[in-house]
file final.tsv (TSV, C-alpha atoms)
chain	number	residue	atom	x	y	z
A	181	MET	CA	11.26	-49.35	-5.40
A	182	LEU	CA	7.50	-49.05	-5.93
A	183	GLU	CA	6.85	-51.33	-2.99
A	184	ALA	CA	9.22	-49.29	-0.80
A	185	LEU	CA	7.31	-46.10	-1.61
A	186	LYS	CA	4.31	-47.46	0.29
A	187	ASP	CA	6.25	-46.80	3.50
A	188	GLY	CA	5.82	-43.13	4.29
A	189	HIS	CA	3.91	-42.16	1.13
A	190	SER	CA	0.21	-42.13	0.33
A	191	VAL	CA	0.20	-40.33	-3.04
A	192	ILE	CA	2.22	-40.86	-6.21
A	193	VAL	CA	2.20	-38.21	-8.95
A	194	THR	CA	3.27	-39.00	-12.50
A	195	LEU	CA	3.79	-36.45	-15.27
A	196	GLU	CA	3.73	-37.62	-18.88
A	197	ASP	CA	5.48	-35.74	-21.66
A	198	GLY	CA	2.83	-37.10	-24.02
A	199	SER	CA	-0.35	-39.12	-23.92
A	200	LEU	CA	-1.68	-40.70	-20.75
A	201	VAL	CA	-2.86	-43.79	-22.63
A	202	GLY	CA	-0.22	-46.51	-22.43
A	203	GLY	CA	2.16	-44.26	-20.52
A	204	PHE	CA	4.28	-44.63	-17.41
A	205	GLY	CA	1.55	-43.28	-15.11
A	206	GLU	CA	-0.93	-45.86	-16.34
A	207	ARG	CA	1.50	-48.65	-15.43
A	208	ILE	CA	2.17	-47.17	-12.00
A	209	ALA	CA	-1.57	-46.82	-11.34
A	210	ALA	CA	-2.09	-50.46	-12.38
A	211	TYR	CA	0.70	-51.60	-10.07
A	212	TYR	CA	-0.91	-49.91	-7.05
A	213	GLY	CA	-4.43	-50.85	-8.24
A	214	SER	CA	-5.96	-52.45	-5.15
A	215	SER	CA	-3.66	-50.88	-2.56
A	216	ASP	CA	-4.34	-47.74	-0.50
A	217	MET	CA	-1.79	-45.78	-2.55
A	218	LYS	CA	-3.39	-42.98	-4.54
A	219	VAL	CA	-1.92	-42.29	-7.98
A	220	LEU	CA	-2.47	-39.01	-9.79
A	221	THR	CA	-1.49	-39.17	-13.46
A	222	TYR	CA	-1.02	-36.07	-15.58
A	223	GLY	CA	-0.57	-35.82	-19.32
A	224	ALA	CA	-2.47	-35.22	-22.52
A	225	HIS	CA	-5.41	-37.02	-24.06
A	226	LYS	CA	-5.02	-38.37	-27.58
A	227	GLU	CA	-6.15	-35.49	-29.75
A	228	LEU	CA	-4.72	-33.04	-32.24
A	229	THR	CA	-3.51	-30.00	-30.35
A	230	ASP	CA	-1.00	-28.44	-32.73
A	231	ARG	CA	-3.01	-25.21	-33.02
A	232	GLU	CA	-3.52	-24.67	-29.30
A	233	PRO	CA	-1.13	-22.63	-27.16
A	234	THR	CA	0.86	-24.62	-24.63
A	235	GLU	CA	-0.59	-22.56	-21.77
A	236	THR	CA	-4.11	-23.56	-22.81
A	237	LEU	CA	-3.17	-27.24	-22.91
A	238	TYR	CA	-1.43	-27.08	-19.53
A	239	ALA	CA	-4.55	-25.56	-17.98
A	240	ARG	CA	-6.86	-28.08	-19.68
A	241	TYR	CA	-4.86	-31.07	-18.49
A	242	ARG	CA	-4.15	-29.58	-15.05
A	243	LEU	CA	-0.41	-29.52	-15.67
A	244	ASN	CA	0.26	-26.17	-14.05
A	245	PRO	CA	2.15	-26.50	-10.76
A	246	GLU	CA	-0.64	-24.76	-8.84
A	247	GLN	CA	-3.23	-27.18	-10.21
A	248	ILE	CA	-1.12	-30.22	-9.37
A	249	VAL	CA	-0.55	-29.00	-5.81
A	250	GLN	CA	-4.27	-28.33	-5.45
A	251	ASP	CA	-5.07	-31.88	-6.61
A	252	VAL	CA	-2.53	-33.45	-4.25
A	253	LEU	CA	-3.81	-31.48	-1.28
A	254	GLU	CA	-7.38	-32.50	-2.15
A	255	VAL	CA	-6.40	-36.18	-2.19
A	256	LEU	CA	-4.58	-35.87	1.14
A	257	ARG	CA	-7.68	-34.53	2.92
call {"tool": "encode", "arguments": {"input": "final.tsv", "output": "structure tokens"}}
result
Amino acid sequence: MLEALKDGHSVIVTLEDGSLVGGFGERIAAYYGSSDMKVLTYGAHKELTDREPTETLYARYRLNPEQIVQDVLEVLR
């Protein structure tokens, strides 16, 4: 499936429900490593965030839909 995505796609976006380190997005980025496919991975860094509002974390990690769209459009330019 990942190989088939190269036909007709130039950007892959992954969203983690946890940490980026060791996650799905990291594996996808490694798979496409030397190809022309661009991979944008989104998720949290390993840190304690239990006292921070979710909205603050989403903004920090660029997980808001508007931020993700902005990043994708920037990569496509």
call {"tool": "closest_residue", "arguments": {"input": "final.tsv", "among": "A:Glu254, A:Asp197, A:Glu206, A:Asp216", "to": "Tyr238 (chain A)", "atoms": "all atoms listed in the file"}}
result
A:Asp197
call {"tool": "atom_distance", "arguments": {"input": "final.tsv", "atom1": "CA of Ala209 (chain A)", "atom2": "CA of Leu182 (chain A)"}}
result
10.8 Å
call {"tool": "closest_residue", "arguments": {"input": "final.tsv", "among": "A:Gln247, A:Ser199, A:Ser190, A:Thr236", "to": "Met217 (chain A)", "atoms": "all atoms listed in the file"}}
result
A:Ser190
call {"tool": "atom_distance", "arguments": {"input": "final.tsv", "atom1": "CA of Glu196 (chain A)", "atom2": "CA of Arg242 (chain A)"}}
result
11.9 Å
call {"tool": "closest_residue", "arguments": {"input": "final.tsv", "among": "A:Met181, A:Val191, A:Val201, A:Ala239", "to": "Lys218 (chain A)", "atoms": "all atoms listed in the file"}}
result
A:Val191
call {"tool": "closest_residue", "arguments": {"input": "final.tsv", "among": "A:Thr229, A:Leu200, A:Ile208, A:Ala224", "to": "Leu185 (chain A)", "atoms": "all atoms listed in the file"}}
result
A:Ile208
call {"tool": "atom_distance", "arguments": {"input": "final.tsv", "atom1": "CA of Gly223 (chain A)", "atom2": "CA of Tyr241 (chain A)"}}
result
6.5 Å
call {"tool": "residues_around", "arguments": {"input": "final.tsv", "residues": "Val255 (chain A)", "least_positions_apart": "2", "cutoff": "10 Å", "atoms": "only C-alpha atoms", "output": "PyMOL selection string"}}
result
chain A and resi 190-191+218-220+249-253+257
call {"tool": "closest_residue", "arguments": {"input": "final.tsv", "among": "A:Gly198, A:Arg207, A:Tyr212, A:Pro245", "to": "His225 (chain A)", "atoms": "all atoms listed in the file"}}
result
A:Gly198
call {"tool": "closest_residue", "arguments": {"input": "final.tsv", "among": "A:Ile192, A:Lys226, A:Thr221, A:Glu232", "to": "Gly205 (chain A)", "atoms": "all atoms listed in the file"}}
result
A:Thr221
call {"tool": "build_atoms", "arguments": {"input": "final.tsv", "residues": "region 181-193 of chain A", "atoms": "N, CA and C atoms", "output": "PDB file, in the coordinates of the input"}}
result
ATOM      1  N   MET A 181      11.370 -50.738  -5.763  1.00  0.00           N
ATOM      2  CA  MET A 181      11.260 -49.350  -5.400  1.00  0.00           C
ATOM      3  C   MET A 181       9.794 -48.957  -5.187  1.00  0.00           C
ATOM      4  N   LEU A 182       8.912 -49.404  -6.074  1.00  0.00           N
ATOM      5  CA  LEU A 182       7.500 -49.050  -5.930  1.00  0.00           C
ATOM      6  C   LEU A 182       6.913 -49.576  -4.642  1.00  0.00           C
ATOM      7  N   GLU A 183       7.331 -50.748  -4.251  1.00  0.00           N
ATOM      8  CA  GLU A 183       6.850 -51.330  -2.990  1.00  0.00           C
ATOM      9  C   GLU A 183       7.372 -50.520  -1.810  1.00  0.00           C
ATOM     10  N   ALA A 184       8.615 -50.080  -1.881  1.00  0.00           N
ATOM     11  CA  ALA A 184       9.220 -49.290  -0.800  1.00  0.00           C
ATOM     12  C   ALA A 184       8.540 -47.938  -0.634  1.00  0.00           C
ATOM     13  N   LEU A 185       7.987 -47.392  -1.697  1.00  0.00           N
ATOM     14  CA  LEU A 185       7.310 -46.100  -1.610  1.00  0.00           C
ATOM     15  C   LEU A 185       6.056 -46.145  -0.746  1.00  0.00           C
ATOM     16  N   LYS A 186       5.502 -47.331  -0.554  1.00  0.00           N
ATOM     17  CA  LYS A 186       4.310 -47.460   0.290  1.00  0.00           C
ATOM     18  C   LYS A 186       4.610 -47.060   1.733  1.00  0.00           C
ATOM     19  N   ASP A 187       5.857 -47.208   2.154  1.00  0.00           N
ATOM     20  CA  ASP A 187       6.250 -46.800   3.500  1.00  0.00           C
ATOM     21  C   ASP A 187       6.503 -45.295   3.510  1.00  0.00           C
ATOM     22  N   GLY A 188       5.627 -44.571   4.149  1.00  0.00           N
ATOM     23  CA  GLY A 188       5.820 -43.130   4.290  1.00  0.00           C
ATOM     24  C   GLY A 188       5.208 -42.288   3.180  1.00  0.00           C
ATOM     25  N   HIS A 189       4.541 -42.908   2.212  1.00  0.00           N
ATOM     26  CA  HIS A 189       3.910 -42.160   1.130  1.00  0.00           C
ATOM     27  C   HIS A 189       2.482 -42.652   0.945  1.00  0.00           C
ATOM     28  N   SER A 190       1.593 -41.732   0.601  1.00  0.00           N
ATOM     29  CA  SER A 190       0.210 -42.130   0.330  1.00  0.00           C
ATOM     30  C   SER A 190      -0.258 -41.676  -1.042  1.00  0.00           C
ATOM     31  N   VAL A 191       0.557 -40.840  -1.717  1.00  0.00           N
ATOM     32  CA  VAL A 191       0.200 -40.330  -3.040  1.00  0.00           C
ATOM     33  C   VAL A 191       1.420 -40.395  -3.948  1.00  0.00           C
ATOM     34  N   ILE A 192       1.197 -40.868  -5.163  1.00  0.00           N
ATOM     35  CA  ILE A 192       2.220 -40.860  -6.210  1.00  0.00           C
ATOM     36  C   ILE A 192       1.709 -39.963  -7.322  1.00  0.00           C
ATOM     37  N   VAL A 193       2.555 -39.094  -7.848  1.00  0.00           N
ATOM     38  CA  VAL A 193       2.200 -38.210  -8.950  1.00  0.00           C
ATOM     39  C   VAL A 193       3.103 -38.542 -10.134  1.00  0.00           C
TER      40      VAL A 193
END
